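S.K.: Dropping in structure.cif, which is mmCIF, C-alpha atoms and all ligand atoms:
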```cif
data_my_file
#
loop_
_atom_site.label_atom_id
_atom_site.label_comp_id
_atom_site.auth_asym_id
_atom_site.auth_seq_id
_atom_site.Cartn_x
_atom_site.Cartn_y
_atom_site.Cartn_z
CA MET I 8 250.56 -25.48 -10.03
CA ARG I 9 250.99 -28.77 -8.19
CA ARG I 10 252.95 -26.98 -5.48
CA GLU I 11 250.13 -24.39 -5.10
CA ARG I 12 247.61 -27.17 -4.77
CA SER I 13 249.59 -28.94 -2.08
CA VAL I 14 249.98 -25.65 -0.18
CA LEU I 15 246.22 -25.05 -0.45
CA LEU I 16 245.56 -28.59 0.72
CA MET I 17 247.86 -28.08 3.70
CA VAL I 18 246.12 -24.78 4.58
CA PHE I 19 242.76 -26.56 4.30
CA ILE I 20 243.87 -29.41 6.60
CA ILE I 21 245.29 -26.99 9.18
CA SER I 22 242.05 -24.95 9.05
CA MET I 23 239.93 -28.05 9.65
CA VAL I 24 242.12 -29.07 12.59
CA LEU I 25 241.76 -25.58 14.10
CA VAL I 26 237.98 -25.61 13.57
CA GLY I 27 237.83 -29.02 15.23
CA VAL I 28 239.79 -27.81 18.23
CA SER I 29 237.56 -24.73 18.66
CA PHE I 30 234.45 -26.85 19.33
CA ALA I 31 233.89 -26.83 23.08
CA GLN I 32 232.82 -30.34 23.96
CA PRO I 33 231.81 -31.07 27.55
CA VAL I 34 234.61 -32.47 29.74
CA ASN I 35 234.01 -35.02 32.51
CA TYR I 36 235.82 -33.44 35.47
CA ALA I 37 235.23 -36.53 37.64
CA LEU I 38 237.24 -38.84 35.37
CA GLY I 39 240.10 -40.41 37.33
CA LYS I 40 239.30 -38.39 40.46
CA SER I 41 239.00 -39.77 44.00
CA TYR I 42 235.76 -40.15 45.93
CA THR I 43 234.45 -41.20 49.32
CA ALA I 44 231.35 -43.17 50.27
CA ASN I 45 229.29 -43.16 53.46
CA PRO I 46 228.56 -45.88 54.44
CA PRO I 47 231.75 -47.31 52.90
CA LEU I 48 231.44 -49.50 49.81
CA THR I 49 231.22 -53.20 50.61
CA PRO I 50 234.84 -54.47 50.88
CA SER I 51 236.18 -56.67 48.11
CA SER I 52 237.28 -59.18 50.73
CA SER I 53 233.72 -59.81 51.88
CA TRP I 54 231.95 -59.53 48.56
CA TRP I 55 233.05 -60.06 44.98
CA LEU I 56 231.38 -56.84 43.74
CA GLY I 57 232.96 -54.55 46.29
CA GLU I 58 235.88 -52.16 45.94
CA ASP I 59 236.93 -51.10 49.41
CA PRO I 60 239.78 -50.36 48.57
CA PRO I 61 240.73 -48.98 46.02
CA TYR I 62 237.75 -46.63 45.22
CA THR I 63 238.36 -46.15 41.51
CA LYS I 64 235.46 -47.93 39.81
CA TYR I 65 233.05 -44.97 39.73
CA THR I 66 235.53 -42.66 38.00
CA ASP I 67 237.49 -45.05 35.76
CA GLY I 68 235.64 -43.97 32.60
CA ILE I 69 234.01 -47.39 32.17
CA SER I 70 230.25 -47.66 32.34
CA ALA I 71 228.69 -51.03 31.56
CA TRP I 72 225.75 -53.14 32.64
CA ALA I 73 228.12 -55.93 33.68
CA TRP I 74 229.07 -57.44 37.06
CA GLY I 75 232.74 -56.65 36.57
CA ALA I 76 232.03 -52.94 35.96
CA VAL I 77 230.05 -52.17 39.12
CA SER I 78 230.41 -51.93 42.87
CA GLY I 79 228.26 -50.79 45.78
CA TRP I 80 226.52 -52.10 48.84
CA GLN I 81 225.41 -55.70 49.29
CA GLY I 82 221.94 -56.62 50.47
CA PRO I 83 222.82 -57.83 53.99
CA ASP I 84 224.31 -54.39 54.76
CA ASN I 85 220.69 -53.11 54.82
CA VAL I 86 221.60 -49.73 53.34
CA SER I 87 218.70 -47.37 52.55
CA SER I 88 220.66 -44.21 51.67
CA VAL I 89 224.27 -43.41 50.81
CA THR I 90 226.40 -40.31 50.28
CA LEU I 91 229.11 -40.13 47.61
CA ILE I 92 231.51 -37.19 47.40
CA VAL I 93 233.80 -36.69 44.41
CA ASP I 94 236.86 -34.43 44.83
CA LEU I 95 237.58 -32.72 41.49
CA GLY I 96 241.07 -31.76 42.72
CA GLU I 97 240.46 -28.02 42.22
CA VAL I 98 237.52 -25.64 41.92
CA LYS I 99 235.81 -25.90 38.52
CA SER I 100 233.70 -22.88 37.62
CA ASP I 101 231.53 -24.23 34.80
CA ILE I 102 229.80 -27.37 36.11
CA ALA I 103 226.68 -27.77 33.99
CA LYS I 104 225.57 -31.39 34.23
CA LEU I 105 225.85 -34.37 36.58
CA GLN I 106 225.22 -38.00 35.78
CA VAL I 107 225.04 -41.28 37.70
CA ASP I 108 224.93 -44.65 35.88
CA GLN I 109 223.16 -47.18 38.08
CA PHE I 110 223.18 -50.94 37.52
CA VAL I 111 219.70 -52.44 38.03
CA SER I 112 218.78 -56.14 37.95
CA HIS I 113 215.57 -57.12 39.70
CA SER I 114 216.22 -60.79 38.89
CA SER I 115 219.46 -60.54 40.93
CA ALA I 116 217.93 -58.42 43.73
CA VAL I 117 219.72 -55.23 42.60
CA ARG I 118 217.39 -52.25 42.93
CA GLU I 119 217.19 -48.72 41.51
CA SER I 120 217.15 -45.60 43.66
CA SER I 121 213.89 -43.84 44.40
CA LYS I 122 215.64 -40.46 44.51
CA ILE I 123 219.10 -38.93 44.01
CA LYS I 124 219.91 -35.42 45.26
CA CYS I 125 223.04 -33.51 44.26
CA TYR I 126 225.07 -30.72 45.83
CA GLY I 127 228.24 -28.71 45.21
CA SER I 128 230.85 -27.28 47.56
CA ILE I 129 233.92 -25.04 47.21
CA ASP I 130 235.55 -26.02 50.52
CA GLY I 131 234.19 -29.50 51.23
CA SER I 132 232.26 -28.40 54.32
CA THR I 133 229.43 -26.15 53.13
CA TYR I 134 227.30 -27.66 50.38
CA THR I 135 224.73 -25.98 48.11
CA TYR I 136 221.76 -28.07 47.02
CA TRP I 137 221.68 -28.14 43.19
CA GLY I 138 218.60 -30.28 42.66
CA ASP I 139 217.17 -33.77 42.30
CA MET I 140 218.34 -36.00 39.49
CA PHE I 141 216.06 -37.23 36.72
CA SER I 142 216.14 -40.85 35.51
CA SER I 143 216.78 -40.39 31.82
CA GLY I 144 216.35 -42.81 28.94
CA THR I 145 215.37 -46.46 29.33
CA THR I 146 214.25 -47.60 32.73
CA GLY I 147 213.44 -51.20 33.52
CA GLY I 148 214.24 -54.10 35.77
CA GLU I 149 217.26 -55.39 33.82
CA THR I 150 219.17 -52.40 32.52
CA MET I 151 221.36 -49.39 33.30
CA TRP I 152 219.56 -46.37 34.70
CA HIS I 153 221.07 -43.01 33.74
CA TRP I 154 220.34 -40.29 36.28
CA VAL I 155 220.94 -36.70 35.14
CA HIS I 156 220.79 -33.22 36.65
CA CYS I 157 221.46 -29.94 34.79
CA ASN I 158 222.38 -26.65 36.43
CA VAL I 159 220.44 -23.83 34.76
CA VAL I 160 223.51 -21.64 35.25
CA PRO I 161 226.88 -23.46 35.39
CA GLN I 162 228.09 -23.71 39.01
CA SER I 163 231.47 -23.65 40.80
CA ALA I 164 232.63 -26.49 43.04
CA GLN I 165 235.58 -28.68 43.93
CA TYR I 166 233.43 -31.26 45.76
CA VAL I 167 230.27 -32.74 44.27
CA LYS I 168 227.99 -34.72 46.57
CA PHE I 169 225.35 -37.27 45.57
CA GLU I 170 222.77 -38.51 48.09
CA LEU I 171 221.10 -41.71 46.90
CA TYR I 172 217.91 -43.06 48.47
CA TRP I 173 216.19 -46.39 48.03
CA ASP I 174 212.63 -47.34 48.84
CA SER I 175 212.44 -49.03 52.25
CA ALA I 176 211.05 -52.14 50.55
CA TRP I 177 214.50 -52.69 48.93
CA GLN I 178 216.46 -52.60 52.19
CA GLY I 179 217.78 -56.15 51.74
CA SER I 180 218.59 -55.67 48.05
CA HIS I 181 221.99 -54.88 46.54
CA LYS I 182 222.74 -51.28 45.43
CA LEU I 183 225.22 -50.93 42.58
CA LEU I 184 226.67 -48.14 40.42
CA SER I 185 228.97 -48.17 37.45
CA GLU I 186 230.07 -44.56 36.88
CA ILE I 187 229.55 -40.98 38.06
CA TYR I 188 230.19 -37.90 35.91
CA VAL I 189 230.60 -34.16 36.46
CA TRP I 190 230.34 -32.41 33.08
CA SER I 191 231.62 -28.98 32.09
CA ALA I 192 229.40 -26.52 30.23
CA GLU I 193 228.86 -26.87 26.52
CA ALA I 194 228.94 -23.88 24.16
CA LEU I 195 225.39 -22.95 23.10
CA ASP I 196 223.68 -20.77 20.46
CA ASP I 197 220.28 -19.08 20.69
CA ALA I 198 218.09 -20.72 18.01
CA ALA I 199 215.40 -18.05 18.62
CA LEU I 200 217.72 -15.19 17.61
CA GLY I 201 216.13 -13.16 14.81
CA LYS I 202 213.13 -15.50 14.61
CA SER I 203 209.49 -14.39 14.51
CA TYR I 204 207.06 -14.76 17.39
CA SER I 205 203.42 -14.21 18.21
CA ALA I 206 201.75 -12.92 21.37
CA ASP I 207 198.28 -13.52 22.80
CA PRO I 208 196.98 -11.07 23.84
CA LEU I 209 198.78 -8.85 21.34
CA LEU I 210 201.60 -6.70 22.63
CA THR I 211 200.47 -3.16 23.40
CA PRO I 212 200.74 -1.26 20.10
CA THR I 213 203.39 1.39 19.73
CA SER I 214 200.72 3.91 18.80
CA GLN I 215 199.03 3.51 22.18
CA TRP I 216 202.08 3.18 24.35
CA TRP I 217 205.70 4.15 23.86
CA LEU I 218 206.96 0.74 25.06
CA GLY I 219 204.90 -1.32 22.67
CA GLU I 220 205.96 -3.02 19.47
CA ASN I 221 202.81 -4.01 17.61
CA PRO I 222 204.17 -4.17 14.87
CA PRO I 223 207.00 -5.18 14.19
CA TYR I 224 207.47 -7.99 16.82
CA THR I 225 211.27 -8.15 16.84
CA LYS I 226 212.29 -6.94 20.30
CA TYR I 227 212.20 -10.31 22.08
CA THR I 228 214.52 -12.02 19.58
CA ASP I 229 216.86 -9.17 18.57
CA GLY I 230 219.78 -10.44 20.67
CA THR I 231 219.62 -7.46 23.02
CA SER I 232 218.76 -7.94 26.67
CA ALA I 233 218.97 -4.95 28.98
CA TRP I 234 217.22 -3.49 31.99
CA ALA I 235 216.39 -0.35 30.00
CA TRP I 236 213.13 1.16 28.75
CA GLY I 237 214.34 1.16 25.16
CA ALA I 238 215.09 -2.59 25.27
CA VAL I 239 211.70 -3.88 26.45
CA SER I 240 208.10 -4.20 25.36
CA GLY I 241 204.96 -5.89 26.67
CA TRP I 242 201.54 -5.10 28.03
CA GLN I 243 200.58 -1.82 29.68
CA GLY I 244 198.77 -1.76 33.01
CA THR I 245 195.44 -0.51 31.65
CA ASP I 246 195.20 -3.67 29.48
CA ASN I 247 194.58 -5.62 32.73
CA VAL I 248 196.51 -8.67 31.53
CA SER I 249 197.04 -11.54 34.01
CA SER I 250 198.52 -14.16 31.68
CA VAL I 251 200.01 -14.16 28.19
CA THR I 252 201.19 -16.70 25.61
CA LEU I 253 204.26 -16.21 23.43
CA ILE I 254 205.13 -18.61 20.60
CA VAL I 255 208.51 -18.49 18.85
CA ASP I 256 208.85 -20.11 15.42
CA LEU I 257 212.41 -21.47 15.03
CA GLY I 258 211.83 -21.95 11.28
CA ILE I 259 212.86 -25.62 11.36
CA VAL I 260 212.33 -28.55 13.73
CA ARG I 261 215.25 -28.68 16.17
CA SER I 262 215.89 -31.97 17.96
CA ASP I 263 218.75 -30.64 20.10
CA ILE I 264 217.09 -28.07 22.38
CA LYS I 265 219.08 -27.92 25.63
CA LYS I 266 217.68 -24.98 27.50
CA VAL I 267 215.07 -22.20 27.46
CA GLN I 268 215.25 -18.70 28.93
CA VAL I 269 213.16 -15.56 29.44
CA ASP I 270 214.62 -12.20 30.56
CA GLN I 271 212.00 -10.10 32.36
CA PHE I 272 212.19 -6.38 33.13
CA VAL I 273 210.91 -5.58 36.65
CA SER I 274 210.51 -2.15 38.23
CA HIS I 275 208.17 -1.89 41.20
CA SER I 276 208.74 1.87 41.39
CA SER I 277 207.33 2.15 37.84
CA ALA I 278 204.54 -0.41 38.39
CA VAL I 279 206.21 -3.10 36.27
CA ALA I 280 205.54 -6.48 37.90
CA GLU I 281 207.32 -9.84 37.78
CA CYS I 282 205.66 -13.14 36.85
CA SER I 283 204.57 -15.66 39.44
CA SER I 284 205.32 -18.53 37.03
CA ILE I 285 206.36 -19.23 33.43
CA LYS I 286 205.46 -22.52 31.75
CA CYS I 287 207.17 -23.80 28.62
CA TYR I 288 205.89 -26.10 25.86
CA GLY I 289 207.15 -27.43 22.51
CA SER I 290 205.49 -28.39 19.23
CA THR I 291 206.66 -29.66 15.86
CA ASP I 292 203.54 -28.53 13.96
CA GLY I 293 202.45 -25.39 15.82
CA SER I 294 199.08 -26.81 16.85
CA SER I 295 199.73 -29.65 19.30
CA PHE I 296 201.98 -28.58 22.18
CA THR I 297 203.70 -30.77 24.81
CA TYR I 298 204.33 -29.37 28.29
CA TRP I 299 208.08 -29.25 29.03
CA ALA I 300 208.67 -27.50 32.34
CA ASP I 301 208.03 -24.61 34.68
CA LEU I 302 210.95 -22.22 34.33
CA LEU I 303 213.15 -21.64 37.38
CA LEU I 304 214.20 -18.24 38.59
CA PHE I 305 217.99 -18.23 38.58
CA ASP I 306 219.08 -14.76 39.61
CA SER I 307 218.60 -13.00 42.95
CA PRO I 308 215.47 -11.03 42.15
CA GLY I 309 214.60 -7.56 43.33
CA GLY I 310 212.11 -4.81 42.66
CA GLU I 311 214.39 -2.85 40.31
CA THR I 312 216.24 -5.38 38.22
CA MET I 313 216.09 -7.98 35.46
CA TRP I 314 214.60 -11.33 36.43
CA TYR I 315 216.23 -14.27 34.64
CA TRP I 316 214.07 -17.36 34.16
CA GLY I 317 215.35 -20.60 32.66
CA TYR I 318 215.19 -24.35 32.50
CA CYS I 319 217.72 -26.85 31.18
CA PHE I 320 216.51 -30.25 30.05
CA PRO I 321 218.10 -33.52 31.21
CA GLU I 322 217.36 -34.85 27.71
CA ASP I 323 217.28 -32.81 24.49
CA LYS I 324 213.84 -31.54 23.42
CA THR I 325 212.45 -31.49 19.88
CA ALA I 326 210.33 -28.64 18.49
CA ARG I 327 209.93 -26.02 15.80
CA TYR I 328 207.56 -23.91 17.94
CA VAL I 329 208.38 -23.07 21.55
CA LYS I 330 205.57 -21.64 23.68
CA TYR I 331 205.93 -19.66 26.90
CA GLU I 332 202.90 -19.09 29.13
CA LEU I 333 203.50 -16.27 31.59
CA TYR I 334 201.35 -15.74 34.68
CA TRP I 335 201.16 -12.80 37.05
CA ASP I 336 199.74 -12.65 40.54
CA PRO I 337 196.13 -11.30 40.49
CA GLY I 338 197.34 -8.42 42.66
CA TYR I 339 199.39 -7.18 39.70
CA VAL I 340 196.55 -7.07 37.17
CA GLY I 341 196.84 -3.27 36.75
CA SER I 342 200.66 -3.30 36.51
CA HIS I 343 202.76 -3.21 33.35
CA LYS I 344 204.31 -6.52 32.13
CA LEU I 345 207.58 -6.20 30.24
CA LEU I 346 210.18 -8.54 28.76
CA SER I 347 213.51 -7.91 27.06
CA GLU I 348 214.49 -11.22 25.42
CA ILE I 349 213.44 -14.86 24.98
CA TYR I 350 215.82 -17.68 24.04
CA VAL I 351 215.90 -21.30 22.89
CA TRP I 352 219.40 -22.71 23.43
CA VAL I 353 220.99 -25.37 21.19
CA PRO I 354 224.59 -26.60 20.79
CA SER I 355 226.84 -23.97 19.28
CA ALA I 356 227.70 -24.32 15.62
CA ALA I 357 230.69 -22.03 16.00
CA GLY I 358 232.03 -23.24 19.32
CA VAL I 359 231.69 -19.77 20.84
CA GLU I 360 231.54 -19.80 24.64
CA ASP I 361 228.11 -18.28 25.10
CA TRP I 362 226.55 -20.78 27.50
CA PHE I 363 224.40 -18.14 29.12
CA VAL I 364 223.66 -14.52 28.31
CA TYR I 365 223.35 -12.79 31.64
CA CA Y 401 233.17 -47.25 36.08
CA CA Y 402 215.64 -7.98 23.08
#
```
How does this structure look as structure tokens?
M.R.:
Amino acid sequence: MRRERSVLLMVFIISMVLVGVSFAQPVNYALGKSYTANPPLTPSSSWWLGEDPPYTKYTDGISAWAWGAVSGWQGPDNVSSVTLIVDLGEVKSDIAKLQVDQFVSHSSAVRESSKIKCYGSIDGSTYTYWGDMFSSGTTGGETMWHWVHCNVVPQSAQYVKFELYWDSAWQGSHKLLSEIYVWSAEALDDAALGKSYSADPLLTPTSQWWLGENPPYTKYTDGTSAWAWGAVSGWQGTDNVSSVTLIVDLGIVRSDIKKVQVDQFVSHSSAVAECSSIKCYGSTDGSSFTYWADLLLFDSPGGETMWYWGYCFPEDKTARYVKYELYWDPGYVGSHKLLSEIYVWVPSAAGVEDWFVY
């Protein structure tokens, strides 16, 4: 009996270890990697905050609002913009998030950036613009600023470039950073899967049109997304719809919403038109909604294909109800409007690698 118990205990412990291992936590690919700066970082010999050489402070894994944990460009250098390039050592195919930790101290003439742009490159010569970074969390005159950018779809790169700009008024101020990060994708689940939703105006009823689904309102959250007539529903052309509102009820308030997505069926040959824009909002009570973002189009669109819209948030969003407002160009008022699936992405409970369905 005792022996059985100890065997069961051992099996339990091994199971928990395996479960723990299967969780896909983001990895910082920049940790310990080399980087270059243009103009070069202020040399240590001429300034006590500098690090030229050895160029290790931005990727040493230490981020702190402390003089010993930062380096950069001193005020007399009159720097207004800088370029940093991190070499990840090899091409990484799942880069989802970038981060820059910037030391700011107005009392010591150390100023924050006005803008940070980021780019990725496979070969180190041709760079793709990924977006502008967002200053996340606390901002103030005596604190660390955390700048973040998310790629809607994880990207491939060996070289990641940051372009930092400062307001011209801060030309004589110091510019200091503590750490830069390049994060791998995190495993996500669709919190909207199987959940109920409403539509205004109502989806075209099945009785009036073979593509409709009024009732049962399940097609947008059934887990199936396909560029196929049987996998879509929406509003028929004769309804003359130019904008619609969809609200998904997640059942509970989620405070860990990472990303939103809408898969749209487009077929110009069949008079099915794409949106001109999709806006997204969140609410905890279903009555008061906060604007979150305009979704970005992230696949190469065409007249006979699925259009994938999405937005990933630099900081987690909180909501039970997620609202999508879809708009079509007035020229498409008589066209059909069809969708296949809508999503609300949260961290995976199972650790399954399903970052993006696509
Ligand atoms: Ca550091
Ligand atoms: Ca579906």
S.K.: Considering all atoms listed in the file, return as a ChimeraX atom specification whatever protein or nucleic-acid residues lie within 12 Å of region 224-236 of chain I, sequence-local ones (same chain, fewer than 6 positions apart) excluded.
M.R.: /I:196-206,209-213,217-218,253-257,268-274,277,279,310-315,345-351,363-365
S.K.: Could you state the separation of CA of Ala71 (chain I) and CA of Pro47 (chain I) in Å, given to one decimal place?
M.R.: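 CA of Ala71 (chain I) sits 21.9 Å away from CA of Pro47 (chain I).
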S.K.: Within 6 Å of ligand CA 401 (chain Y) (counting all atoms listed in the file), which residues show up? I'd like them as a CSV table (one decimal) with C-alpha atoms, in the frame of the given file.
M.R.:
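To be explicit, this is the file written out as out.csv:
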```csv
chain,number,residue,atom,x,y,z
I,64,LYS,CA,235.5,-47.9,39.8
I,65,TYR,CA,233.0,-45.0,39.7
I,66,THR,CA,235.5,-42.7,38.0
I,67,ASP,CA,237.5,-45.0,35.8
I,68,GLY,CA,235.6,-44.0,32.6
I,69,ILE,CA,234.0,-47.4,32.2
I,70,SER,CA,230.2,-47.7,32.3
I,76,ALA,CA,232.0,-52.9,36.0
I,185,SER,CA,229.0,-48.2,37.4
I,186,GLU,CA,230.1,-44.6,36.9
```
S.K.: So the first atom is CA of Asp263 (chain I) and the second is CA of Tyr328 (chain I); what is the distance between them in Å, to one decimal place?
M.R.: 13.2 Å
S.K.: Please identify all polymer residues within 9 Å of Ile285 (chain I), counting only C-alpha atoms, omitting same-chain residues fewer than 3 positions from it, and present them as a CSV table (one decimal) with C-alpha atoms, keeping the file's coordinate frame.
M.R.:
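Output file result_30.csv follows:
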```
chain,number,residue,atom,x,y,z
I,269,VAL,CA,213.2,-15.6,29.4
I,282,CYS,CA,205.7,-13.1,36.8
I,300,ALA,CA,208.7,-27.5,32.3
I,301,ASP,CA,208.0,-24.6,34.7
I,302,LEU,CA,211.0,-22.2,34.3
I,303,LEU,CA,213.2,-21.6,37.4
I,316,TRP,CA,214.1,-17.4,34.2
I,331,TYR,CA,205.9,-19.7,26.9
I,332,GLU,CA,202.9,-19.1,29.1
I,333,LEU,CA,203.5,-16.3,31.6
I,334,TYR,CA,201.4,-15.7,34.7
```
S.K.: What is the CA of Ala176 (chain I)-CA of Asp84 (chain I) distance in Å, reported with one decimal?
M.R.: 14.1 Å
S.K.: For Ala73 (chain I), work out the shell of residues within 12 Å, counting all atoms listed in the file and skipping chain neighbours fewer than 2 positions away, then give it as a list in words.
M.R.: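 Neighbouring residues, sequence-local ones excluded: Leu56, Ile69, Ser70, Ala71, Gly75, Ala76, Val77, Ser78, Asp108, Gln109, Phe110, Val111, Ser112, Glu149, Thr150, Met151, Leu183, Leu184, Ser185 and Glu186 of chain I.
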S.K.: Applying 8 Å and all atoms listed in the file, which residues near region 292-298 of chain I remain after dropping the ones on its own chain fewer than 6 positions away? List them as a PyMOL selection string.
M.R.: chain I and resi 286+327-328+330
S.K.: If we count all atoms listed in the file, what is near region 131-142 of chain I at a cut-off of 8 Å, once residues fewer than 2 positions away on the same chain are taken out, given as number ranges by chain?
M.R.: I: 122-129, 144, 146, 152-156, 158, 165-166, 321
S.K.: Taking into account all atoms listed in the file, which residue in the set I:Thr145, I:Gln106, I:Ser87, I:Ser283 is nearest to Trp173 (chain I)?
M.R.: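 So, comparing all the options, the nearest one is I:Ser87.
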